[in-house]
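Participant: Got a file for you: start20.txt, compact mmCIF, C-alpha atoms.
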# COMPACT_ATOMS: atom_id res chain seq x y z
CA MET A 22 27.43 -43.73 -36.24
CA PRO A 23 31.05 -42.71 -35.48
CA ALA A 24 29.57 -39.68 -33.69
CA PHE A 25 27.42 -42.00 -31.56
CA LEU A 26 30.48 -44.11 -30.72
CA GLU A 27 32.48 -41.01 -29.80
CA GLY A 28 29.81 -39.83 -27.35
CA PHE A 29 29.17 -43.30 -25.95
CA ASP A 30 32.85 -44.06 -25.37
CA ALA A 31 33.58 -40.63 -23.85
CA GLU A 32 30.70 -41.00 -21.39
CA ILE A 33 31.33 -44.60 -20.30
CA TYR A 34 34.98 -43.78 -19.69
CA SER A 35 34.25 -40.44 -17.99
CA PHE A 36 31.63 -42.05 -15.74
CA GLY A 37 33.71 -45.15 -15.06
CA ALA A 38 37.10 -43.44 -14.56
CA ASP A 39 36.57 -43.07 -10.79
CA TYR A 40 36.36 -46.88 -10.63
CA ILE A 41 38.76 -47.88 -13.42
CA VAL A 42 41.83 -45.89 -12.34
CA PRO A 43 41.82 -46.86 -8.61
CA SER A 44 41.24 -50.53 -9.49
CA ILE A 45 44.44 -50.94 -11.52
CA THR A 46 48.13 -50.58 -10.65
CA GLY A 47 50.47 -47.82 -11.79
CA PRO A 48 52.22 -44.60 -10.81
CA ALA A 49 50.21 -41.98 -8.91
CA TYR A 50 50.96 -39.24 -11.43
CA LEU A 51 48.80 -41.07 -13.98
CA SER A 52 45.60 -39.76 -12.40
CA ILE A 53 42.09 -39.49 -13.88
CA GLY A 54 42.82 -36.04 -15.28
CA THR A 55 46.21 -37.01 -16.70
CA ILE A 56 44.86 -40.08 -18.51
CA LEU A 57 42.02 -38.03 -19.97
CA THR A 58 44.66 -35.54 -21.11
CA GLY A 59 46.36 -38.39 -23.01
CA TYR A 60 43.06 -39.04 -24.79
CA ALA A 61 42.84 -35.34 -25.65
CA ILE A 62 46.43 -35.34 -26.96
CA GLY A 63 45.54 -38.08 -29.43
CA ILE A 64 42.48 -36.15 -30.61
CA ALA A 65 44.33 -32.83 -30.83
CA ILE A 66 47.25 -34.04 -32.94
CA PHE A 67 45.22 -36.18 -35.29
CA SER A 68 42.46 -33.59 -35.79
CA LEU A 69 44.92 -31.86 -38.12
CA VAL A 70 45.69 -35.18 -39.83
CA GLY A 71 42.00 -36.03 -40.36
CA GLY A 72 41.22 -32.58 -41.79
CA TYR A 73 44.26 -32.66 -44.09
CA PHE A 74 43.45 -36.19 -45.30
CA PHE A 75 39.91 -35.02 -46.10
CA ASP A 76 41.22 -32.34 -48.48
CA ARG A 77 43.96 -34.46 -50.04
CA TYR A 78 42.86 -38.11 -49.98
CA SER A 79 39.79 -40.35 -49.77
CA VAL A 80 37.39 -39.42 -46.95
CA LYS A 81 36.10 -43.01 -46.97
CA ASN A 82 39.54 -44.48 -46.27
CA THR A 83 40.20 -41.81 -43.63
CA ILE A 84 37.03 -42.77 -41.75
CA LEU A 85 37.68 -46.52 -42.15
CA LEU A 86 41.20 -46.22 -40.74
CA SER A 87 40.15 -43.95 -37.87
CA VAL A 88 37.18 -46.10 -36.80
CA LEU A 89 39.39 -49.21 -36.92
CA ILE A 90 41.96 -47.59 -34.57
CA PHE A 91 39.18 -46.25 -32.32
CA SER A 92 37.33 -49.58 -32.04
CA ALA A 93 40.44 -51.68 -31.34
CA PHE A 94 41.63 -49.53 -28.45
CA THR A 95 38.15 -48.91 -27.07
CA VAL A 96 37.79 -52.67 -26.57
CA LEU A 97 41.28 -52.89 -25.06
CA THR A 98 40.29 -50.20 -22.51
CA GLY A 99 38.08 -52.84 -20.89
CA PHE A 100 41.07 -55.18 -20.40
CA VAL A 101 43.64 -52.80 -18.85
CA THR A 102 45.71 -53.94 -15.88
CA ASN A 103 47.76 -50.80 -15.15
CA THR A 104 47.62 -47.04 -15.69
CA PRO A 105 50.44 -46.83 -18.33
CA GLU A 106 48.41 -49.26 -20.48
CA LEU A 107 45.28 -47.21 -19.88
CA PHE A 108 47.08 -43.98 -20.80
CA ALA A 109 48.37 -45.53 -24.06
CA PHE A 110 45.02 -47.07 -25.01
CA ARG A 111 43.05 -43.88 -24.33
CA LEU A 112 45.60 -41.87 -26.31
CA LEU A 113 45.07 -44.20 -29.29
CA VAL A 114 41.29 -44.03 -28.89
CA GLY A 115 41.82 -40.26 -29.16
CA VAL A 116 43.83 -40.78 -32.38
CA GLY A 117 40.81 -42.48 -33.96
CA VAL A 118 38.38 -39.80 -32.73
CA GLY A 119 40.75 -37.05 -33.85
CA MET A 120 40.77 -38.37 -37.41
CA PHE A 121 37.07 -39.07 -37.91
CA GLN A 122 35.78 -35.95 -36.12
CA PRO A 123 36.89 -33.39 -38.74
CA ALA A 124 36.51 -35.83 -41.64
CA GLY A 125 32.90 -36.63 -40.73
CA VAL A 126 31.84 -33.04 -40.02
CA ALA A 127 33.66 -31.77 -43.12
CA LEU A 128 31.96 -34.43 -45.25
CA LEU A 129 28.49 -33.39 -44.05
CA GLY A 130 29.25 -29.69 -44.36
CA ASP A 131 30.71 -30.14 -47.83
CA ILE A 132 27.87 -32.20 -49.30
CA PHE A 133 25.06 -30.10 -47.79
CA PHE A 134 26.82 -26.77 -48.17
CA GLU A 135 23.65 -24.64 -48.19
CA THR A 136 22.21 -26.32 -45.10
CA ARG A 137 25.36 -26.98 -43.10
CA GLY A 138 23.58 -26.26 -39.83
CA LYS A 139 21.15 -29.15 -40.25
CA ALA A 140 23.82 -31.42 -41.76
CA VAL A 141 26.33 -31.15 -38.91
CA SER A 142 23.53 -31.24 -36.35
CA VAL A 143 22.85 -34.84 -37.45
CA TRP A 144 26.38 -35.64 -36.25
CA ALA A 145 25.65 -33.75 -33.03
CA THR A 146 22.34 -35.59 -32.51
CA PHE A 147 23.98 -39.02 -32.69
CA PHE A 148 26.81 -37.80 -30.46
CA GLY A 149 24.17 -36.71 -27.91
CA ALA A 150 22.51 -40.13 -28.11
CA GLY A 151 25.85 -41.75 -27.25
CA LEU A 152 26.35 -39.39 -24.31
CA PHE A 153 22.84 -40.04 -23.03
CA GLY A 154 23.16 -43.83 -23.17
CA GLY A 155 26.69 -44.07 -21.73
CA PRO A 156 25.98 -43.61 -17.98
CA TYR A 157 23.07 -46.06 -18.03
CA MET A 158 25.19 -48.64 -19.83
CA ILE A 159 28.13 -48.61 -17.41
CA SER A 160 26.58 -47.79 -14.01
CA PRO A 161 24.87 -51.22 -13.52
CA PHE A 162 28.21 -53.02 -13.98
CA LEU A 163 30.40 -50.87 -11.71
CA PRO A 164 32.87 -51.49 -10.17
CA ALA A 165 33.35 -53.96 -13.09
CA PHE A 166 33.70 -52.10 -16.38
CA ARG A 167 34.69 -54.48 -19.21
CA ILE A 168 31.30 -55.22 -20.82
CA PRO A 169 30.37 -51.66 -21.98
CA PHE A 170 33.72 -51.31 -23.78
CA GLU A 171 33.21 -54.71 -25.44
CA LEU A 172 29.76 -53.59 -26.62
CA SER A 173 31.29 -50.40 -28.02
CA GLY A 174 33.75 -52.56 -29.97
CA ILE A 175 30.93 -54.65 -31.44
CA VAL A 176 29.06 -51.53 -32.59
CA SER A 177 32.33 -50.19 -34.04
CA ALA A 178 32.69 -53.34 -36.17
CA ILE A 179 29.17 -52.77 -37.53
CA VAL A 180 30.05 -49.15 -38.32
CA LEU A 181 33.14 -50.26 -40.25
CA LEU A 182 30.98 -52.47 -42.46
CA LEU A 183 28.44 -49.69 -43.04
CA VAL A 184 31.17 -47.21 -44.02
CA LEU A 185 32.76 -49.82 -46.29
CA PHE A 186 29.55 -50.52 -48.22
CA ILE A 187 27.78 -47.12 -48.18
CA ILE A 188 30.25 -44.23 -48.42
CA PRO A 189 31.75 -43.82 -51.92
CA VAL A 190 35.51 -43.37 -52.38
CA THR A 191 34.86 -40.20 -54.43
CA TYR A 192 31.75 -38.07 -54.12
CA LYS A 193 32.83 -35.00 -56.10
CA LYS A 194 35.57 -33.98 -58.48
CA GLU A 195 37.67 -30.90 -57.99
CA LYS A 196 41.19 -29.67 -58.67
CA ARG A 197 43.79 -30.61 -56.09
CA GLU A 198 45.66 -27.47 -55.13
CA LYS A 199 48.34 -26.77 -52.57
CA ILE A 200 46.78 -25.80 -49.24
CA LYS A 201 47.91 -22.30 -48.27
CA LEU A 202 47.76 -20.99 -44.70
CA GLU A 203 46.33 -17.65 -45.84
CA ASN A 204 43.29 -19.55 -47.13
CA ILE A 205 42.62 -20.89 -43.61
CA PHE A 206 43.35 -17.91 -41.35
CA ASN A 207 41.05 -14.89 -41.33
CA ARG A 208 39.18 -12.82 -38.76
CA ASN A 209 36.44 -15.40 -38.32
CA THR A 210 38.59 -18.49 -38.03
CA VAL A 211 40.88 -16.80 -35.49
CA LEU A 212 37.95 -15.70 -33.30
CA LEU A 213 36.29 -19.09 -33.66
CA ALA A 214 39.56 -20.72 -32.61
CA ILE A 215 39.71 -18.53 -29.48
CA SER A 216 36.12 -19.42 -28.60
CA VAL A 217 36.48 -23.17 -29.09
CA PHE A 218 39.81 -23.19 -27.21
CA PHE A 219 38.21 -21.78 -24.06
CA PHE A 220 35.22 -24.04 -24.45
CA GLY A 221 37.63 -27.01 -24.53
CA ILE A 222 38.90 -25.94 -21.11
CA THR A 223 35.34 -25.65 -19.77
CA LEU A 224 34.26 -29.02 -21.17
CA PHE A 225 37.12 -31.14 -19.85
CA ALA A 226 37.41 -29.26 -16.56
CA GLY A 227 33.71 -28.94 -15.86
CA TYR A 228 32.11 -32.02 -17.33
CA LEU A 229 34.25 -34.84 -18.75
CA SER A 230 36.94 -34.87 -16.05
CA TYR A 231 35.39 -33.95 -12.71
CA TYR A 232 31.62 -33.50 -12.93
CA VAL A 233 30.75 -37.03 -11.78
CA LYS A 234 33.30 -36.77 -8.96
CA TYR A 235 31.78 -33.41 -7.97
CA LEU A 236 28.28 -34.93 -7.89
CA GLU A 237 29.30 -38.03 -5.91
CA GLN A 238 32.01 -36.72 -3.61
CA GLY A 239 31.39 -32.98 -3.53
CA LEU A 240 27.59 -33.13 -3.20
CA GLY A 241 27.11 -36.70 -1.95
CA PHE A 242 24.76 -38.03 -4.64
CA PRO A 243 24.58 -41.84 -5.01
CA THR A 244 25.90 -43.35 -8.25
CA GLY A 245 22.41 -43.85 -9.73
CA SER A 246 21.39 -40.22 -9.18
CA ALA A 247 24.70 -38.98 -10.53
CA ALA A 248 24.15 -41.12 -13.66
CA VAL A 249 20.74 -39.54 -14.27
CA ILE A 250 22.08 -35.99 -13.79
CA ALA A 251 25.14 -36.59 -16.03
CA SER A 252 23.00 -38.18 -18.75
CA MET A 253 20.95 -34.98 -19.05
CA ALA A 254 23.82 -33.40 -21.02
CA GLY A 255 23.49 -36.08 -23.68
CA LEU A 256 19.69 -35.85 -23.65
CA GLY A 257 19.86 -32.08 -24.23
CA GLY A 258 22.06 -32.52 -27.30
CA PHE A 259 20.05 -35.47 -28.60
CA LEU A 260 16.69 -33.68 -28.39
CA LEU A 261 17.69 -30.19 -29.50
CA ALA A 262 20.77 -30.42 -31.74
CA PHE A 263 18.84 -30.87 -34.99
CA PHE A 264 16.40 -28.10 -34.07
CA TYR A 265 19.28 -25.71 -33.37
CA GLY A 266 20.90 -26.69 -36.67
CA TYR A 267 17.65 -26.06 -38.54
CA ILE A 268 17.31 -22.61 -36.94
CA ALA A 269 20.98 -21.86 -37.72
CA ASP A 270 20.30 -22.28 -41.43
CA ARG A 271 17.34 -19.89 -41.16
CA ILE A 272 18.73 -17.05 -39.02
CA GLY A 273 22.46 -17.43 -39.72
CA ARG A 274 25.01 -19.83 -38.28
CA LYS A 275 26.82 -17.02 -36.44
CA TYR A 276 23.79 -16.26 -34.27
CA MET A 277 23.12 -19.88 -33.41
CA VAL A 278 26.76 -20.47 -32.44
CA ILE A 279 26.42 -17.48 -30.06
CA ILE A 280 23.15 -18.82 -28.63
CA THR A 281 24.56 -22.32 -28.01
CA SER A 282 27.66 -20.78 -26.40
CA PHE A 283 25.37 -18.76 -24.13
CA LEU A 284 23.55 -21.96 -23.13
CA ILE A 285 26.90 -23.54 -22.24
CA PHE A 286 27.82 -20.55 -20.07
CA ILE A 287 24.45 -20.48 -18.26
CA GLY A 288 24.46 -24.26 -17.88
CA SER A 289 27.95 -24.35 -16.35
CA LEU A 290 27.01 -21.56 -13.95
CA GLY A 291 23.95 -23.50 -12.79
CA MET A 292 25.76 -26.85 -12.60
CA PHE A 293 28.64 -25.73 -10.40
CA ILE A 294 27.62 -22.50 -8.68
CA LEU A 295 23.89 -21.80 -8.49
CA PHE A 296 22.28 -25.19 -7.76
CA LYS A 297 22.92 -28.13 -5.46
CA SER A 298 19.54 -29.92 -5.74
CA PHE A 299 18.85 -32.92 -7.98
CA ILE A 300 16.23 -31.07 -10.08
CA GLY A 301 18.30 -27.90 -10.46
CA LEU A 302 21.40 -29.82 -11.47
CA ALA A 303 19.48 -32.00 -13.93
CA VAL A 304 17.88 -28.95 -15.59
CA PHE A 305 21.11 -26.99 -15.94
CA THR A 306 23.07 -30.05 -17.08
CA PHE A 307 20.40 -30.45 -19.77
CA ILE A 308 20.87 -26.76 -20.74
CA PHE A 309 24.65 -27.18 -20.81
CA GLY A 310 24.35 -30.32 -22.94
CA SER A 311 21.86 -28.79 -25.36
CA GLY A 312 24.43 -26.08 -26.10
CA TRP A 313 27.49 -28.33 -26.10
CA GLY A 314 25.62 -30.93 -28.17
CA VAL A 315 25.88 -28.85 -31.33
CA TYR A 316 28.09 -25.83 -30.51
CA VAL A 317 31.37 -27.33 -31.74
CA ASP A 318 29.84 -28.70 -34.94
CA LEU A 319 28.00 -25.46 -35.72
CA LEU A 320 31.16 -23.50 -34.98
CA VAL A 321 33.10 -25.69 -37.42
CA ALA A 322 30.33 -25.28 -40.01
CA PHE A 323 30.58 -21.49 -39.54
CA GLY A 324 34.34 -21.84 -40.05
CA GLN A 325 33.67 -23.76 -43.28
CA ASP A 326 31.44 -20.87 -44.40
CA SER A 327 34.32 -18.47 -43.79
CA VAL A 328 36.92 -20.09 -46.07
CA LEU A 329 37.29 -21.33 -49.64
CA ASP A 330 35.53 -24.60 -50.43
CA ARG A 331 38.75 -26.44 -51.21
CA VAL A 332 40.05 -26.08 -47.63
CA VAL A 333 36.91 -27.00 -45.64
CA GLY A 334 38.60 -30.17 -44.37
CA SER A 335 41.73 -28.34 -43.27
CA VAL A 336 39.82 -25.57 -41.47
CA SER A 337 37.64 -28.21 -39.77
CA GLY A 338 40.76 -30.05 -38.61
CA PHE A 339 42.35 -26.77 -37.44
CA LEU A 340 39.34 -25.80 -35.32
CA PHE A 341 39.06 -29.29 -33.81
CA PHE A 342 42.80 -29.14 -33.11
CA ILE A 343 42.49 -25.83 -31.23
CA PHE A 344 39.44 -27.16 -29.36
CA ASN A 345 41.44 -30.15 -28.20
CA ILE A 346 44.39 -28.01 -27.14
CA GLY A 347 41.90 -26.43 -24.71
CA THR A 348 40.81 -29.87 -23.53
CA LEU A 349 44.44 -30.71 -22.70
CA ILE A 350 44.43 -27.84 -20.22
CA GLY A 351 40.97 -28.34 -18.68
CA GLY A 352 41.43 -31.53 -16.63
CA PRO A 353 44.85 -30.75 -15.09
CA LEU A 354 43.81 -27.13 -14.42
CA TYR A 355 40.72 -28.22 -12.50
CA ALA A 356 42.75 -30.82 -10.57
CA TYR A 357 45.34 -28.18 -9.61
CA LEU A 358 42.70 -25.65 -8.53
CA LEU A 359 40.77 -28.30 -6.63
CA GLY A 360 43.87 -29.16 -4.59
CA SER A 361 43.81 -31.14 -1.39
CA LYS A 362 41.00 -28.99 0.06
CA ASN A 363 38.48 -30.07 -2.61
CA ASN A 364 37.30 -26.48 -3.11
CA TYR A 365 34.91 -27.17 -6.00
CA THR A 366 33.41 -23.66 -6.07
CA PHE A 367 36.76 -21.91 -6.57
CA ALA A 368 37.97 -24.46 -9.14
CA SER A 369 34.68 -24.22 -11.06
CA TYR A 370 34.73 -20.43 -11.27
CA ILE A 371 38.27 -20.33 -12.67
CA ALA A 372 38.31 -23.42 -14.87
CA VAL A 373 34.68 -23.69 -15.99
CA VAL A 374 32.61 -20.52 -15.77
CA ILE A 375 35.18 -17.88 -16.79
CA PRO A 376 36.45 -19.81 -19.86
CA ALA A 377 32.82 -20.37 -20.93
CA PHE A 378 32.22 -16.61 -20.69
CA ILE A 379 35.34 -15.81 -22.77
CA ALA A 380 34.22 -18.36 -25.38
CA LEU A 381 30.88 -16.54 -25.63
CA ILE A 382 32.29 -13.00 -25.85
CA SER A 383 34.81 -13.79 -28.62
CA LEU A 384 31.99 -14.97 -30.91
CA ILE A 385 30.26 -11.59 -30.87
CA PHE A 386 33.07 -10.05 -32.93
CA THR A 387 32.88 -12.56 -35.80
CA LYS A 388 31.62 -11.45 -39.19
CA LYS A 389 28.32 -12.87 -40.42
CA ILE A 390 28.67 -14.88 -43.65
CA THR A 391 25.70 -14.59 -46.00
CA LYS A 392 27.00 -16.23 -49.20
CA SER A 393 27.94 -19.87 -49.67
CA ASN A 394 31.64 -20.42 -50.33
CA ILE A 395 30.66 -23.04 -52.92
CA LYS A 396 30.05 -20.13 -55.33
CA GLU A 397 33.76 -19.89 -55.97
CA HIS A 398 33.33 -22.87 -58.31
CA PRO A 399 32.53 -21.67 -61.87
CA GLU A 400 30.62 -24.87 -62.69
CA PHE A 401 27.98 -23.95 -60.09
CA GLU A 402 27.67 -20.45 -61.49
CA GLU A 403 27.34 -21.83 -65.02
CA ALA A 404 24.62 -24.24 -63.87
CA LYS A 405 22.67 -21.36 -62.30
CA ILE A 406 22.96 -19.31 -65.50
CA ARG A 407 21.61 -22.23 -67.51
CA GLU A 408 18.72 -22.65 -65.07
CA LYS A 409 17.78 -18.98 -65.36
CA SER A 410 17.96 -19.12 -69.16
CA ALA A 411 15.70 -22.16 -69.18
CA GLU A 412 13.20 -20.39 -66.92
CA LYS A 413 13.12 -17.34 -69.22
CA GLU A 414 12.59 -19.50 -72.30
CA GLY A 415 9.83 -21.38 -70.53
CA SER A 416 8.01 -18.19 -69.56
Show how you would write the structure in this file as structure tokens.

Facilitator:
Amino acid sequence: MPAFLEGFDAEIYSFGADYIVPSITGPAYLSIGTILTGYAIGIAIFSLVGGYFFDRYSVKNTILLSVLIFSAFTVLTGFVTNTPELFAFRLLVGVGVGMFQPAGVALLGDIFFETRGKAVSVWATFFGAGLFGGPYMISPFLPAFRIPFELSGIVSAIVLLLVLFIIPVTYKKEKREKIKLENIFNRNTVLLAISVFFFGITLFAGYLSYYVKYLEQGLGFPTGSAAVIASMAGLGGFLLAFFYGYIADRIGRKYMVIITSFLIFIGSLGMFILFKSFIGLAVFTFIFGSGWGVYVDLLVAFGQDSVLDRVVGSVSGFLFFIFNIGTLIGGPLYAYLLGSKNNYTFASYIAVVIPAFIALISLIFTKKITKSNIKEHPEFEEAKIREKSAEKEGS
């Protein structure tokens, strides 16, 4: 449910930003891209906090606190009167997202350690559902925009109650040890960080910041058509994320991360360079979204595979942090390249397509992980020995 809220909020704000920002007062430097950068700053900084809290404190309390912050400032987004307020509120929405992103994905990956692909793809599926529903929820109200944010706040309150009554404070017992940097950094996590960094640039430059503006102003699509095209990204993730996660557990999470990164690259190429028609854009936005819908979560799951079990929260937070550093760059970079001439093709090549290609190439050099990191725990090994002994006695 927090994943659904994250996708829903991101999409209603991204789709509504062209109407929200011009309708309120404030300095010109607080533009659409700059305000979205504030949101990304909140996520980036607190991704590390959420991952660290997961390893050191209660995951339940981490999620409760983060959803509370997220829901309060999501609702307040609908009541803004000037751009400094909007910047502050979106930054604090990002704080909430930054905390529950790594905590939620780490929780799923930690509980279902042998089937992490399927587990984190559940998060991705709900995120895709939020993305898909966002444009349809806000477009009928524009240029007014308060109601969708109020609805998001209501759903957030329901989520808080569900977390409070369902998620246990403790779900496993293990020794608390000091987190060492050498347990987080290795060949895989460094390459994964490079990949997700460049994807962050692609995502915020090519989809969350300027895609709707490109459709409406660059290509001249009416708001309704732009909503349908933009929603295809969410539909792609919603329909295919779980399938990709299931396949990842069968063929290896490394290969599925590469495949989803390839879909992102091909999708971005089709969205901004190859196609200008409604059908072509819808199809390639769907392809882009089907890759994006689960790529980050699968990449984090692959990162969890690559480290010791006791630091899965910290490595999840680290990778989300690096991802969001990339997102800080994406929006302003695209705005700078776009310039006063509105040269969407040039800006898209530099800020969208090339970073997506670098993200794909860096994954090829990662090392495939074939053994679960949970095996470092002697109690699991002892349990397996007992099972084998019982089988022998039975036979």

Participant: Under the rule that only C-alpha atoms are counted, which of A:Ile84, A:Ala248, A:Leu128, A:Val118 is the nearest residue to Leu183 of chain A?

Facilitator: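 Selected residue with least distance to Leu183 of chain A: A:Ile84.
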
Participant: Between atom CA of Ser298 of chain A and atom CA of Ala368 of chain A, what distance in Å does the model show, to one decimal?

Facilitator: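 Computing it gives 19.5 Å between the two atoms.
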
Participant: Could you work out how far atom CA of Tyr157 of chain A lies from atom CA of Gly314 of chain A, giving the answer in Å with one decimal?

Facilitator: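 Spanning atom CA of Gly314 of chain A to atom CA of Tyr157 of chain A is a straight-line distance of 18.4 Å.
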
Participant: May I ask which of the residues A:Ala356, A:Ala178, A:Leu113, A:Ile33 is the closest one to Ala251 of chain A, counting only C-alpha atoms?

Facilitator: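 Nearest candidate to Ala251 of chain A out of A:Ala356, A:Ala178, A:Leu113, A:Ile33: A:Ile33.
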
Participant: Quick one: pull the distance between atom CA of Ser327 of chain A and atom CA of Phe286 of chain A, Å, one decimal.

Facilitator: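 If I compute the distance from atom CA of Ser327 of chain A to atom CA of Phe286 of chain A, I get 24.7 Å.
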
Participant: Counting all atoms listed in the file, which residue out of A:Phe74, A:Phe293, A:Trp313, A:Phe378 sits closest to Ser87 of chain A?

Facilitator: A:Phe74

Participant: Counting all atoms listed in the file, note down every residue that has an atom within 10 Å of the point (33.2, -24.7, -46.2) (file coordinates), as a short mmCIF file (atom, residue, chain, number, x, y, z; two decimals) with C-alpha atoms, keeping the file's coordinate frame.

Facilitator:
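File part38.cif, as written:
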data_model
loop_
_atom_site.label_atom_id
_atom_site.label_comp_id
_atom_site.auth_asym_id
_atom_site.auth_seq_id
_atom_site.Cartn_x
_atom_site.Cartn_y
_atom_site.Cartn_z
CA ALA A 127 33.66 -31.77 -43.12
CA LEU A 128 31.96 -34.43 -45.25
CA GLY A 130 29.25 -29.69 -44.36
CA ASP A 131 30.71 -30.14 -47.83
CA ILE A 132 27.87 -32.20 -49.30
CA PHE A 133 25.06 -30.10 -47.79
CA PHE A 134 26.82 -26.77 -48.17
CA GLU A 135 23.65 -24.64 -48.19
CA ARG A 137 25.36 -26.98 -43.10
CA VAL A 321 33.10 -25.69 -37.42
CA ALA A 322 30.33 -25.28 -40.01
CA PHE A 323 30.58 -21.49 -39.54
CA GLY A 324 34.34 -21.84 -40.05
CA GLN A 325 33.67 -23.76 -43.28
CA ASP A 326 31.44 -20.87 -44.40
CA SER A 327 34.32 -18.47 -43.79
CA VAL A 328 36.92 -20.09 -46.07
CA LEU A 329 37.29 -21.33 -49.64
CA ASP A 330 35.53 -24.60 -50.43
CA ARG A 331 38.75 -26.44 -51.21
CA VAL A 332 40.05 -26.08 -47.63
CA VAL A 333 36.91 -27.00 -45.64
CA GLY A 334 38.60 -30.17 -44.37
CA SER A 335 41.73 -28.34 -43.27
CA VAL A 336 39.82 -25.57 -41.47
CA SER A 337 37.64 -28.21 -39.77
CA SER A 393 27.94 -19.87 -49.67
CA ASN A 394 31.64 -20.42 -50.33
CA ILE A 395 30.66 -23.04 -52.92
#

Participant: With distances taken over only C-alpha atoms, which of A:Val42, A:Leu256, A:Met158, A:Ile272 is nearest to Val304 of chain A?

Facilitator: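 Between A:Val42, A:Leu256, A:Met158, A:Ile272, the residue approaching Val304 of chain A most closely is A:Leu256.
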
Participant: Within 12 Å of (24.5, -34.8, -16.3), all atoms listed in the file: residues as number ranges by chain?

Facilitator: A: 32, 35-36, 149, 152-157, 227-229, 231-237, 244-258, 288-289, 291-293, 299-311

Participant: If we count all atoms listed in the file, what is near Trp144 of chain A at a cut-off of 8 Å, once residues fewer than 6 positions away on the same chain are taken out, given as a ChimeraX atom specification?

Facilitator: /A:24-25,125-126,318

Participant: Here is a test: counting only C-alpha atoms, which residue of A:Gly352, A:Pro164, A:Gly115, A:Pro189 is nearest to Ile222 of chain A?

Facilitator: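 Closest candidate: A:Gly352.
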
Participant: Closest to Ala372 of chain A among A:Thr348, A:Thr281, A:Gln122, A:Thr146, using only C-alpha atoms?

Facilitator: A:Thr348

Participant: Can you write out as CSV which residues of segment 297-378 of chain A fall within 6 Å of segment 57-65 of chain A, alongside each residue's closest atom pair and its distance in Å to one decimal, counting only C-alpha atoms and ordering rows by chain and ascending residue number?

Facilitator:
residue,atom,partner,partner_atom,distance
A:Phe342,CA,A:Ala65,CA,4.6
A:Asn345,CA,A:Ala65,CA,4.7
A:Leu349,CA,A:Thr58,CA,5.1

Participant: Near Gly71 of chain A, within 7 Å and counting only C-alpha atoms, which residues show up once chain neighbours fewer than 2 positions away are dropped, as a ChimeraX atom specification?

Facilitator: /A:67-69,73-75,83,119-121,123-124,338

Participant: Write out as JSON, numbers by chain each polymer residue whose atoms come within 12 Å of Pro169 of chain A, counting only C-alpha atoms; drop sequence neighbours fewer than 6 positions from it.

Facilitator: {"A": [26, 29, 30, 31, 32, 33, 34, 36, 37, 95, 96, 97, 98, 99, 100, 154, 155, 156, 157, 158, 159, 160, 161, 162, 163, 175, 176]}
